[in-house]
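Written out below as structure tokens is the structure these notes cover.
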Amino acid sequence: MSEQKLTGAQIVIKALKDQGVDIIFGYPGGAVLPIYDALFQQNDLKHVLVRHEQAAVHAAEGYARSTGKVGCVLVTSGPGATNAVTGLLDALCDSIPLVCLSGQVPTHLIGNDAFQEADTTGITRPCTKHNYLVKDVDNLARTLHEAFYVARSGRPGPVLVDIPKDVQFADGTYVPPAEVKHKTYRPQVKAEIARIEEAIELIANAKRPVFYTGGGVINAGPFAAKLLTQFVKTTGFPITSTLMGLGAFPASDNQWLGMLGMHGTYEANLAMYECDVMINIGARFDDRVTGKLSAFSPGSKKIHVDIDPSSINKNVAVDIPIVGDCGAVLEDMLRIWKARAKSADKPALKEWWGKIEGWRARNCLNYNRTESVIKPQYALERLREALRGKDHYITTEVGQHQMWAAQFLPFDQPNRWLTSGGLGTMGYGLPAAIGAQLAHPDAIVVDVSGEASFLMNMQEIGTAVQYRAPVKIFILNNQYMGMVRQWQELLHGSRYSQSYSEALPDFVKLAESWGCVGLRATTVAEVDQVIEKMLAVTDRPCIIDIAVDPKENCFPMIPGGKAHNEILFGPDDSPSDATPEDGMVLV
Amino acid sequence: MENAIEKHTIAVLVDNEPGVLARVIGLFSGRGYNIESLTVAEVNNADHLSRITLVTSGTRMIIEQIKAQLGRLVPVHRVHDLTDEGPSVERELALIKVAGTGDRRIEALRLADIFQAKVVDATLSSFVFELTGTTEQVDDFVGLMGQLGLVEASRTGVVAMSKGPAAF
């Protein structure tokens, strides 16, 4: 049996290895020195030293989202743990599996306001799926294995394990993962067949159906995305997805309507508004998607597949709730569809597609194509063309550039699109790109960024340089916090309060100061040139500063508090009643 | 009627581990749900299980959310809505201190007898009564004592159990 005695720190390393961790993102400090010492004395587990703990968590998220594995983070007590909080909440909001280990002051000092002490489990309780404080070294291995199990099972999420320094030094017994079974946590994976059968009947009789899918499909694994594609192709139905769900269904397919929601396409939002059967697979009726709840898809029967029972009937009451893993449910759906020899109502579907094609013809993503200034959409179109057929991953920061990237970059595979959806964390993209790049050293990883977001975690260029991660930071530089400015324009009388990016650095020189490649495009003609040069850099990070139209806004847009059929197409549209009070108070 | 406010008594079986009560309370405060009362104690020493009984109110949709949110907390074993799941008994225990002399003191004692409250402490000028009953009975008794020299009241909040042989 496993009776060997190890120190707590050695137990940590062994547990991580047994859980299949190959990279851990972290930052040392007093309360985790024993673990760093144990890391030093082995070669299997690679540690990536970030420049700020928040970035360690985002990097682990990038690693996790691009691989489907659990990301792993190591931070010290006090400020180490509090700096990680934003990343943990980001992972919670987007259901990303992470295990974050934090050091803690020795057990006898807990509660004494010791140096670098924080009530880490207290602070992170609402920011994690679950957390633990390990006070006995003999519980350490079990707790770590449980943490990985909880992080990846059911609706995935971040789990924090707080380990006091004396526990890291103490000798204890190691237990392997196979001997650990969680007492309570057994999320429902297989759904009730009766419910699925009910759903299949509704789907088969639909006249104006639409698939509305989300991050749940991505989290269920590439297999679920394949099944989804198969089911959607079999039915011939239109499909849209949330920001988090992009890539589960190939964007190059004609049944793809584009993203839905606040900055979604006209055809996707109107299909949602006018459908008679909505098939929600792994999405959560988020407010960015639904807009005004009372006017959300008023005439439809709704099917909702989600592994988290608390997502069902939270915002929108549904007709057929199905609790289960998206992959398992899609498998059953396809099987029952075939077994019952179901087929879609072809004439009705033809008519429905006719209507959708009419909306599509509106060409809602069109923009003013001009030679005089670089439009951000144009830069992304050129990036899209340059990346076509190449193995690539896209991360983003948060704001206008993020929405444009979602609109203009097509994803044909899951796990290729890494963005902060739920929490909307500026500064996510660069560290996430580093995490994705280290997991996929030969792929092209581009962080589509804005100049303001980039500044939030730009210290991580140092990390990218140190680990030779040739990430491309594609800055759409409009010298504004663009989305803030856009809202101020639409809802606050164009009073651009504090949204101008004053005192920006020279991004080319900034890149050069780190030994990276810095490129700049200020004219339309230069865009292709810098993209070509950027893709030629494979041994170091590259910062691309693209001077885009500072006044461009992101359309289409459904202003806060409006319904899907109250969409704005461009700068000439204004909200139907100038500044709707109910919309203004929303975010 | 969908938006009518309902009052529900919910029993939750949890692992008795550090922080579990904070998780439950944090869930209620973080999501803006009401807690009208909450009681907790270990009920199974061997397996370290605690039972939380909480009384909450909200629309049907909110009540369902509360149960789903409680159910997804990792240390939670089971969530039961005693209000929904057939008949149940609910009890509260209260300690009520009344100070006074003369007629008021005699009247307090007489009422305590009617309510089947026990005297657990007595001085020449005060009583501490122990009363077990429904929330309504305790409310009534406290209300009456208010006119007879009520000094303080301490209440456990509701504990509840379904009727019949079925186990939780």
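Residue numbering restarts at 1 for every chain of the structure tokens, chains are lettered A, B, ... in their displayed order, and ligands are numbered from 1 as they appear.
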- Query: Do you know which residues are at most 12 Å from Ser294 (chain A) counting only C-alpha atoms, after dropping those on the same chain fewer than 6 positions away, and could you put them as a ChimeraX atom specification?
  - Reply: /A:273,287,315-317,561-564
- Task: Taking only C-alpha atoms into account, report as JSON, numbers by chain which residues of chain A lie within 9 Å of chain B.
- Result: {"A": [121, 122, 125, 126, 129, 130, 132, 133, 150, 183, 184, 185, 187, 308, 309, 310, 311, 312, 313, 314, 317]}
Hey, can you spit out that residue selection with C-alpha atoms as a PDB file, in the first residue's frame?
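The resulting out31.pdb:
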```
ATOM      1  CA  THR A 121     -11.109  30.720   1.813  1.00  0.00           C
ATOM      2  CA  GLY A 122     -13.440  33.472   3.058  1.00  0.00           C
ATOM      3  CA  ARG A 125     -15.771  31.494  -1.337  1.00  0.00           C
ATOM      4  CA  PRO A 126     -18.091  33.357  -3.723  1.00  0.00           C
ATOM      5  CA  LYS A 129     -16.866  26.608  -7.281  1.00  0.00           C
ATOM      6  CA  HIS A 130     -15.480  25.244  -4.032  1.00  0.00           C
ATOM      7  CA  TYR A 132     -10.608  24.111   1.021  1.00  0.00           C
ATOM      8  CA  LEU A 133      -8.285  24.985   3.861  1.00  0.00           C
ATOM      9  CA  VAL A 150     -14.763  19.010  -8.409  1.00  0.00           C
ATOM     10  CA  LYS A 183     -18.626  12.012  -0.498  1.00  0.00           C
ATOM     11  CA  THR A 184     -21.384  14.125  -1.980  1.00  0.00           C
ATOM     12  CA  TYR A 185     -20.624  15.618  -5.364  1.00  0.00           C
ATOM     13  CA  PRO A 187     -23.455  15.828 -10.948  1.00  0.00           C
ATOM     14  CA  ASP A 308     -26.377  22.903 -13.864  1.00  0.00           C
ATOM     15  CA  PRO A 309     -29.959  22.662 -12.547  1.00  0.00           C
ATOM     16  CA  SER A 310     -29.684  26.205 -11.189  1.00  0.00           C
ATOM     17  CA  SER A 311     -29.339  27.548 -14.749  1.00  0.00           C
ATOM     18  CA  ILE A 312     -32.766  26.259 -15.617  1.00  0.00           C
ATOM     19  CA  ASN A 313     -35.683  28.654 -15.152  1.00  0.00           C
ATOM     20  CA  LYS A 314     -33.317  31.212 -13.621  1.00  0.00           C
ATOM     21  CA  ALA A 317     -39.018  29.983 -17.917  1.00  0.00           C
TER      22      ALA A 317
END
```
- Considering only C-alpha atoms, return as JSON, numbers by chain whatever protein or nucleic-acid residues lie within 9 Å of Thr59 (chain B), sequence-local ones (same chain, fewer than 2 positions apart) excluded. {"B": [2, 3, 4, 5, 6, 7, 57, 61, 62, 63, 64]}
- Task: Would you kindly return, as number ranges by chain, each protein, DNA or RNA residue with an atom no farther than 6 Å from any atom of region 124-141 of chain B, considering only C-alpha atoms and excluding same-chain residues fewer than 5 positions away?
- Result: B: 91-101, 117-119
For the residues in the current selection, export N, CA and C atoms as a PDB file, in the first residue's frame.
```pdb
ATOM      1  N   ARG B  91     -41.477  23.191  14.517  1.00  0.00           N
ATOM      2  CA  ARG B  91     -41.441  23.618  15.920  1.00  0.00           C
ATOM      3  C   ARG B  91     -40.322  24.634  16.120  1.00  0.00           C
ATOM      4  N   GLU B  92     -40.578  25.491  17.122  1.00  0.00           N
ATOM      5  CA  GLU B  92     -39.550  26.417  17.564  1.00  0.00           C
ATOM      6  C   GLU B  92     -39.438  26.291  19.063  1.00  0.00           C
ATOM      7  N   LEU B  93     -38.269  26.524  19.585  1.00  0.00           N
ATOM      8  CA  LEU B  93     -38.125  26.600  21.030  1.00  0.00           C
ATOM      9  C   LEU B  93     -37.755  28.034  21.365  1.00  0.00           C
ATOM     10  N   ALA B  94     -38.359  28.545  22.446  1.00  0.00           N
ATOM     11  CA  ALA B  94     -38.053  29.913  22.846  1.00  0.00           C
ATOM     12  C   ALA B  94     -37.789  29.975  24.344  1.00  0.00           C
ATOM     13  N   LEU B  95     -36.869  30.825  24.738  1.00  0.00           N
ATOM     14  CA  LEU B  95     -36.683  31.167  26.150  1.00  0.00           C
ATOM     15  C   LEU B  95     -37.139  32.613  26.297  1.00  0.00           C
ATOM     16  N   ILE B  96     -38.019  32.831  27.258  1.00  0.00           N
ATOM     17  CA  ILE B  96     -38.632  34.159  27.373  1.00  0.00           C
ATOM     18  C   ILE B  96     -38.515  34.641  28.817  1.00  0.00           C
ATOM     19  N   LYS B  97     -37.876  35.773  29.001  1.00  0.00           N
ATOM     20  CA  LYS B  97     -37.686  36.314  30.359  1.00  0.00           C
ATOM     21  C   LYS B  97     -38.701  37.420  30.611  1.00  0.00           C
ATOM     22  N   VAL B  98     -39.406  37.265  31.735  1.00  0.00           N
ATOM     23  CA  VAL B  98     -40.423  38.243  32.099  1.00  0.00           C
ATOM     24  C   VAL B  98     -40.118  38.721  33.520  1.00  0.00           C
ATOM     25  N   ALA B  99     -40.100  40.027  33.712  1.00  0.00           N
ATOM     26  CA  ALA B  99     -39.841  40.565  35.055  1.00  0.00           C
ATOM     27  C   ALA B  99     -41.077  41.311  35.549  1.00  0.00           C
ATOM     28  N   GLY B 100     -41.364  41.179  36.828  1.00  0.00           N
ATOM     29  CA  GLY B 100     -42.522  41.894  37.366  1.00  0.00           C
ATOM     30  C   GLY B 100     -42.947  41.285  38.688  1.00  0.00           C
ATOM     31  N   THR B 101     -43.846  41.982  39.330  1.00  0.00           N
ATOM     32  CA  THR B 101     -44.345  41.487  40.612  1.00  0.00           C
ATOM     33  C   THR B 101     -45.852  41.643  40.647  1.00  0.00           C
ATOM     34  N   ALA B 117     -45.904  26.388  28.722  1.00  0.00           N
ATOM     35  CA  ALA B 117     -44.505  26.805  28.845  1.00  0.00           C
ATOM     36  C   ALA B 117     -43.999  26.350  30.211  1.00  0.00           C
ATOM     37  N   LYS B 118     -42.714  25.963  30.247  1.00  0.00           N
ATOM     38  CA  LYS B 118     -42.121  25.517  31.511  1.00  0.00           C
ATOM     39  C   LYS B 118     -41.358  26.670  32.147  1.00  0.00           C
ATOM     40  N   VAL B 119     -41.365  26.718  33.464  1.00  0.00           N
ATOM     41  CA  VAL B 119     -40.527  27.692  34.149  1.00  0.00           C
ATOM     42  C   VAL B 119     -39.147  27.060  34.324  1.00  0.00           C
TER      43      VAL B 119
END
```
- Message: Which of region 16-243 of chain A end up as strand (DSSP E) when DSSP is run on this backbone - answer as a PyMOL selection string?
- Response: chain A and resi 23-26+46-49+71-75+98-104+130-133+158-164+171-173+209-213+239-241
- Message: Here is a test: counting only C-alpha atoms, which residue of A:Ala38, A:Thr370, A:His263, A:Gly435 is nearest to Val73 (chain A)?
- Response: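 The answer is A:Gly435, which sits nearest to Val73 (chain A).
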- Message: Env of Met534 (chain A): 12 Å cut, atoms = only C-alpha atoms, seq-sep filter 3 positions within chain, self excluded. Answer as a PyMOL selection string.
- Response: chain A and resi 383+386-387+444-446+470-474+516-521+527-531+537-545
How about saving the chosen residues, N, CA and C atoms kept, as a compact mmCIF listing (two decimals), in the first residue's frame?
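The resulting file, out_23.txt, is shown below:
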```txt
# COMPACT_ATOMS: atom_id res chain seq x y z
N LEU A 383 -6.79 39.82 -40.97
CA LEU A 383 -6.23 38.80 -40.07
C LEU A 383 -6.88 37.45 -40.36
N ALA A 386 -5.43 35.97 -43.42
CA ALA A 386 -4.05 35.52 -43.21
C ALA A 386 -3.99 34.22 -42.40
N LEU A 387 -4.99 34.02 -41.52
CA LEU A 387 -4.97 32.83 -40.65
C LEU A 387 -5.68 31.64 -41.28
N ILE A 444 -0.35 29.15 -34.02
CA ILE A 444 -0.32 30.61 -33.98
C ILE A 444 -1.34 31.05 -32.94
N VAL A 445 -0.90 31.86 -31.98
CA VAL A 445 -1.83 32.37 -30.97
C VAL A 445 -1.85 33.89 -31.05
N VAL A 446 -3.03 34.43 -31.30
CA VAL A 446 -3.18 35.88 -31.45
C VAL A 446 -4.09 36.41 -30.34
N PRO A 470 5.68 32.74 -28.62
CA PRO A 470 5.60 33.76 -29.67
C PRO A 470 4.19 34.27 -29.90
N VAL A 471 3.56 34.75 -28.84
CA VAL A 471 2.18 35.24 -28.97
C VAL A 471 2.17 36.55 -29.78
N LYS A 472 1.08 36.76 -30.49
CA LYS A 472 0.92 37.97 -31.28
C LYS A 472 -0.12 38.85 -30.61
N ILE A 473 0.30 40.05 -30.24
CA ILE A 473 -0.65 40.96 -29.58
C ILE A 473 -1.10 41.97 -30.62
N PHE A 474 -2.32 41.77 -31.08
CA PHE A 474 -2.86 42.48 -32.23
C PHE A 474 -3.73 43.62 -31.69
N CYS A 516 11.23 42.07 -28.10
CA CYS A 516 10.19 41.51 -28.96
C CYS A 516 10.16 42.29 -30.27
N VAL A 517 9.32 41.81 -31.18
CA VAL A 517 9.14 42.54 -32.42
C VAL A 517 7.96 43.49 -32.27
N GLY A 518 8.15 44.74 -32.64
CA GLY A 518 7.06 45.71 -32.61
C GLY A 518 6.76 46.17 -34.02
N LEU A 519 5.48 46.21 -34.38
CA LEU A 519 5.07 46.61 -35.73
C LEU A 519 3.95 47.63 -35.63
N ARG A 520 3.87 48.49 -36.63
CA ARG A 520 2.79 49.48 -36.59
C ARG A 520 2.19 49.65 -37.98
N ALA A 521 0.88 49.77 -38.02
CA ALA A 521 0.19 50.09 -39.28
C ALA A 521 -0.64 51.33 -39.05
N VAL A 527 -1.70 47.29 -43.45
CA VAL A 527 -2.29 46.24 -42.62
C VAL A 527 -1.80 44.86 -43.03
N ASP A 528 -1.90 44.56 -44.32
CA ASP A 528 -1.45 43.24 -44.78
C ASP A 528 0.04 43.04 -44.52
N GLN A 529 0.81 44.11 -44.69
CA GLN A 529 2.25 43.99 -44.48
C GLN A 529 2.58 43.61 -43.04
N VAL A 530 1.95 44.29 -42.10
CA VAL A 530 2.29 43.98 -40.70
C VAL A 530 1.79 42.60 -40.30
N ILE A 531 0.65 42.20 -40.86
CA ILE A 531 0.15 40.85 -40.54
C ILE A 531 1.13 39.81 -41.06
N VAL A 537 7.20 35.93 -37.40
CA VAL A 537 7.93 35.88 -36.13
C VAL A 537 7.51 34.63 -35.37
N THR A 538 8.44 33.75 -35.13
CA THR A 538 8.06 32.50 -34.46
C THR A 538 8.87 32.23 -33.20
N ASP A 539 9.80 33.13 -32.86
CA ASP A 539 10.67 32.83 -31.72
C ASP A 539 10.50 33.81 -30.57
N ARG A 540 9.61 34.76 -30.70
CA ARG A 540 9.42 35.75 -29.63
C ARG A 540 8.06 36.43 -29.82
N PRO A 541 7.58 37.07 -28.78
CA PRO A 541 6.30 37.75 -28.91
C PRO A 541 6.39 38.92 -29.90
N CYS A 542 5.24 39.33 -30.38
CA CYS A 542 5.18 40.40 -31.35
C CYS A 542 4.00 41.31 -31.00
N ILE A 543 4.27 42.59 -30.91
CA ILE A 543 3.19 43.54 -30.63
C ILE A 543 2.89 44.31 -31.91
N ILE A 544 1.64 44.29 -32.32
CA ILE A 544 1.23 44.96 -33.55
C ILE A 544 0.29 46.09 -33.17
N ASP A 545 0.71 47.29 -33.44
CA ASP A 545 -0.09 48.46 -33.08
C ASP A 545 -0.80 48.95 -34.35
```
- Item | For Gly102 (chain B), the nearest of the candidates B:Ile25, B:Leu38, B:Leu148, B:Val12, counting only C-alpha atoms |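 Checking each candidate against Gly102 (chain B), we get B:Leu148 as the closest.
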- Message: as a PyMOL selection string, please: every residue in region 24-78 of chain B that DSSP puts in alpha helix (DSSP H).
- Response: chain B and resi 24-31+60-71
With C-alpha atoms retained, could you export that selection as a compact mmCIF listing (two decimals), in the first residue's frame?
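Written output follows (selection-v6.txt):
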```txt
# COMPACT_ATOMS: atom_id res chain seq x y z
CA VAL B 24 -25.20 28.80 2.67
CA ILE B 25 -25.52 32.25 4.19
CA GLY B 26 -23.24 33.77 1.53
CA LEU B 27 -25.47 32.28 -1.14
CA PHE B 28 -28.52 33.97 0.35
CA SER B 29 -26.90 37.36 0.87
CA GLY B 30 -24.99 37.29 -2.43
CA ARG B 31 -28.07 36.52 -4.48
CA ARG B 60 -42.14 30.26 -7.10
CA MET B 61 -39.26 30.89 -9.52
CA ILE B 62 -37.05 32.25 -6.71
CA ILE B 63 -37.88 29.32 -4.41
CA GLU B 64 -36.91 26.89 -7.17
CA GLN B 65 -33.68 28.87 -7.73
CA ILE B 66 -32.87 28.75 -4.02
CA LYS B 67 -33.22 24.98 -3.97
CA ALA B 68 -31.15 24.55 -7.14
CA GLN B 69 -28.46 26.89 -5.83
CA LEU B 70 -28.33 25.06 -2.49
CA GLY B 71 -28.20 21.73 -4.29
```
Extract, using only C-alpha atoms, all DNA, RNA and protein residues at most 10 Å from region 157-163 of chain B, discarding same-chain residues fewer than 6 positions from it, and format them as a PDB file with N, CA and C atoms, in the first residue's frame.
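The result, written out as selection_34.pdb:
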```
ATOM      1  N   THR B   9     -40.322  26.192   3.937  1.00  0.00           N
ATOM      2  CA  THR B   9     -39.363  25.645   4.897  1.00  0.00           C
ATOM      3  C   THR B   9     -38.539  24.592   4.170  1.00  0.00           C
ATOM      4  N   ILE B  10     -37.245  24.799   4.175  1.00  0.00           N
ATOM      5  CA  ILE B  10     -36.355  23.927   3.405  1.00  0.00           C
ATOM      6  C   ILE B  10     -35.354  23.278   4.351  1.00  0.00           C
ATOM      7  N   ALA B  11     -35.215  21.968   4.234  1.00  0.00           N
ATOM      8  CA  ALA B  11     -34.226  21.238   5.042  1.00  0.00           C
ATOM      9  C   ALA B  11     -33.061  20.844   4.151  1.00  0.00           C
ATOM     10  N   GLU B  36     -35.735  33.974   6.665  1.00  0.00           N
ATOM     11  CA  GLU B  36     -36.587  34.362   7.792  1.00  0.00           C
ATOM     12  C   GLU B  36     -36.116  33.684   9.061  1.00  0.00           C
ATOM     13  N   SER B  37     -35.669  32.449   8.931  1.00  0.00           N
ATOM     14  CA  SER B  37     -34.990  31.835  10.069  1.00  0.00           C
ATOM     15  C   SER B  37     -34.077  30.740   9.560  1.00  0.00           C
ATOM     16  N   LEU B  38     -33.070  30.434  10.364  1.00  0.00           N
ATOM     17  CA  LEU B  38     -32.111  29.399   9.972  1.00  0.00           C
ATOM     18  C   LEU B  38     -31.596  28.719  11.227  1.00  0.00           C
ATOM     19  N   THR B  39     -31.677  27.417  11.249  1.00  0.00           N
ATOM     20  CA  THR B  39     -31.112  26.686  12.382  1.00  0.00           C
ATOM     21  C   THR B  39     -30.170  25.631  11.840  1.00  0.00           C
ATOM     22  N   VAL B  40     -29.150  25.320  12.630  1.00  0.00           N
ATOM     23  CA  VAL B  40     -28.203  24.306  12.171  1.00  0.00           C
ATOM     24  C   VAL B  40     -27.584  23.604  13.366  1.00  0.00           C
ATOM     25  N   ARG B  51     -27.784  19.240   9.829  1.00  0.00           N
ATOM     26  CA  ARG B  51     -29.040  19.548   9.152  1.00  0.00           C
ATOM     27  C   ARG B  51     -29.337  21.025   9.347  1.00  0.00           C
ATOM     28  N   ILE B  52     -29.553  21.684   8.237  1.00  0.00           N
ATOM     29  CA  ILE B  52     -29.923  23.093   8.268  1.00  0.00           C
ATOM     30  C   ILE B  52     -31.404  23.175   7.938  1.00  0.00           C
ATOM     31  N   THR B  53     -32.149  23.885   8.764  1.00  0.00           N
ATOM     32  CA  THR B  53     -33.549  24.137   8.432  1.00  0.00           C
ATOM     33  C   THR B  53     -33.669  25.625   8.199  1.00  0.00           C
ATOM     34  N   LEU B  54     -34.156  25.991   7.034  1.00  0.00           N
ATOM     35  CA  LEU B  54     -34.307  27.424   6.820  1.00  0.00           C
ATOM     36  C   LEU B  54     -35.680  27.756   6.276  1.00  0.00           C
ATOM     37  N   VAL B  55     -36.156  28.898   6.720  1.00  0.00           N
ATOM     38  CA  VAL B  55     -37.449  29.396   6.249  1.00  0.00           C
ATOM     39  C   VAL B  55     -37.156  30.602   5.378  1.00  0.00           C
ATOM     40  N   HIS B  80     -34.452  19.384   0.725  1.00  0.00           N
ATOM     41  CA  HIS B  80     -35.874  19.027   0.705  1.00  0.00           C
ATOM     42  C   HIS B  80     -36.738  20.243   1.000  1.00  0.00           C
ATOM     43  N   ASP B  81     -37.749  20.430   0.179  1.00  0.00           N
ATOM     44  CA  ASP B  81     -38.701  21.506   0.404  1.00  0.00           C
ATOM     45  C   ASP B  81     -39.870  20.925   1.176  1.00  0.00           C
ATOM     46  N   LEU B  82     -39.868  21.131   2.493  1.00  0.00           N
ATOM     47  CA  LEU B  82     -40.885  20.502   3.337  1.00  0.00           C
ATOM     48  C   LEU B  82     -42.261  21.097   3.073  1.00  0.00           C
ATOM     49  N   THR B  83     -42.289  22.327   2.602  1.00  0.00           N
ATOM     50  CA  THR B  83     -43.572  22.961   2.300  1.00  0.00           C
ATOM     51  C   THR B  83     -44.219  22.298   1.087  1.00  0.00           C
ATOM     52  N   GLU B  85     -43.370  19.133  -0.089  1.00  0.00           N
ATOM     53  CA  GLU B  85     -43.391  17.674  -0.098  1.00  0.00           C
ATOM     54  C   GLU B  85     -44.330  17.086   0.949  1.00  0.00           C
ATOM     55  N   GLY B  86     -45.575  17.514   0.942  1.00  0.00           N
ATOM     56  CA  GLY B  86     -46.550  16.912   1.840  1.00  0.00           C
ATOM     57  C   GLY B  86     -46.485  17.471   3.237  1.00  0.00           C
ATOM     58  N   PRO B  87     -47.292  16.894   4.146  1.00  0.00           N
ATOM     59  CA  PRO B  87     -47.414  17.488   5.485  1.00  0.00           C
ATOM     60  C   PRO B  87     -46.123  17.354   6.296  1.00  0.00           C
ATOM     61  N   SER B  88     -45.894  18.342   7.122  1.00  0.00           N
ATOM     62  CA  SER B  88     -44.708  18.316   7.977  1.00  0.00           C
ATOM     63  C   SER B  88     -45.032  18.977   9.302  1.00  0.00           C
ATOM     64  N   VAL B  89     -44.198  18.726  10.271  1.00  0.00           N
ATOM     65  CA  VAL B  89     -44.353  19.437  11.548  1.00  0.00           C
ATOM     66  C   VAL B  89     -43.218  20.434  11.691  1.00  0.00           C
ATOM     67  N   GLU B  90     -43.552  21.584  12.243  1.00  0.00           N
ATOM     68  CA  GLU B  90     -42.550  22.620  12.458  1.00  0.00           C
ATOM     69  C   GLU B  90     -42.617  23.051  13.909  1.00  0.00           C
ATOM     70  N   ARG B  91     -41.477  23.191  14.517  1.00  0.00           N
ATOM     71  CA  ARG B  91     -41.441  23.618  15.920  1.00  0.00           C
ATOM     72  C   ARG B  91     -40.322  24.634  16.120  1.00  0.00           C
ATOM     73  N   GLU B  92     -40.578  25.491  17.122  1.00  0.00           N
ATOM     74  CA  GLU B  92     -39.550  26.417  17.564  1.00  0.00           C
ATOM     75  C   GLU B  92     -39.438  26.291  19.063  1.00  0.00           C
ATOM     76  N   LEU B  93     -38.269  26.524  19.585  1.00  0.00           N
ATOM     77  CA  LEU B  93     -38.125  26.600  21.030  1.00  0.00           C
ATOM     78  C   LEU B  93     -37.755  28.034  21.365  1.00  0.00           C
ATOM     79  N   ALA B  94     -38.359  28.545  22.446  1.00  0.00           N
ATOM     80  CA  ALA B  94     -38.053  29.913  22.846  1.00  0.00           C
ATOM     81  C   ALA B  94     -37.789  29.975  24.344  1.00  0.00           C
ATOM     82  N   GLY B 133     -43.244  25.244  20.397  1.00  0.00           N
ATOM     83  CA  GLY B 133     -44.505  25.287  19.671  1.00  0.00           C
ATOM     84  C   GLY B 133     -44.269  25.746  18.252  1.00  0.00           C
ATOM     85  N   THR B 134     -45.360  26.012  17.573  1.00  0.00           N
ATOM     86  CA  THR B 134     -45.220  26.544  16.227  1.00  0.00           C
ATOM     87  C   THR B 134     -44.770  28.001  16.335  1.00  0.00           C
ATOM     88  N   THR B 135     -44.299  28.529  15.244  1.00  0.00           N
ATOM     89  CA  THR B 135     -43.870  29.927  15.221  1.00  0.00           C
ATOM     90  C   THR B 135     -45.008  30.833  15.678  1.00  0.00           C
TER      91      THR B 135
END
```
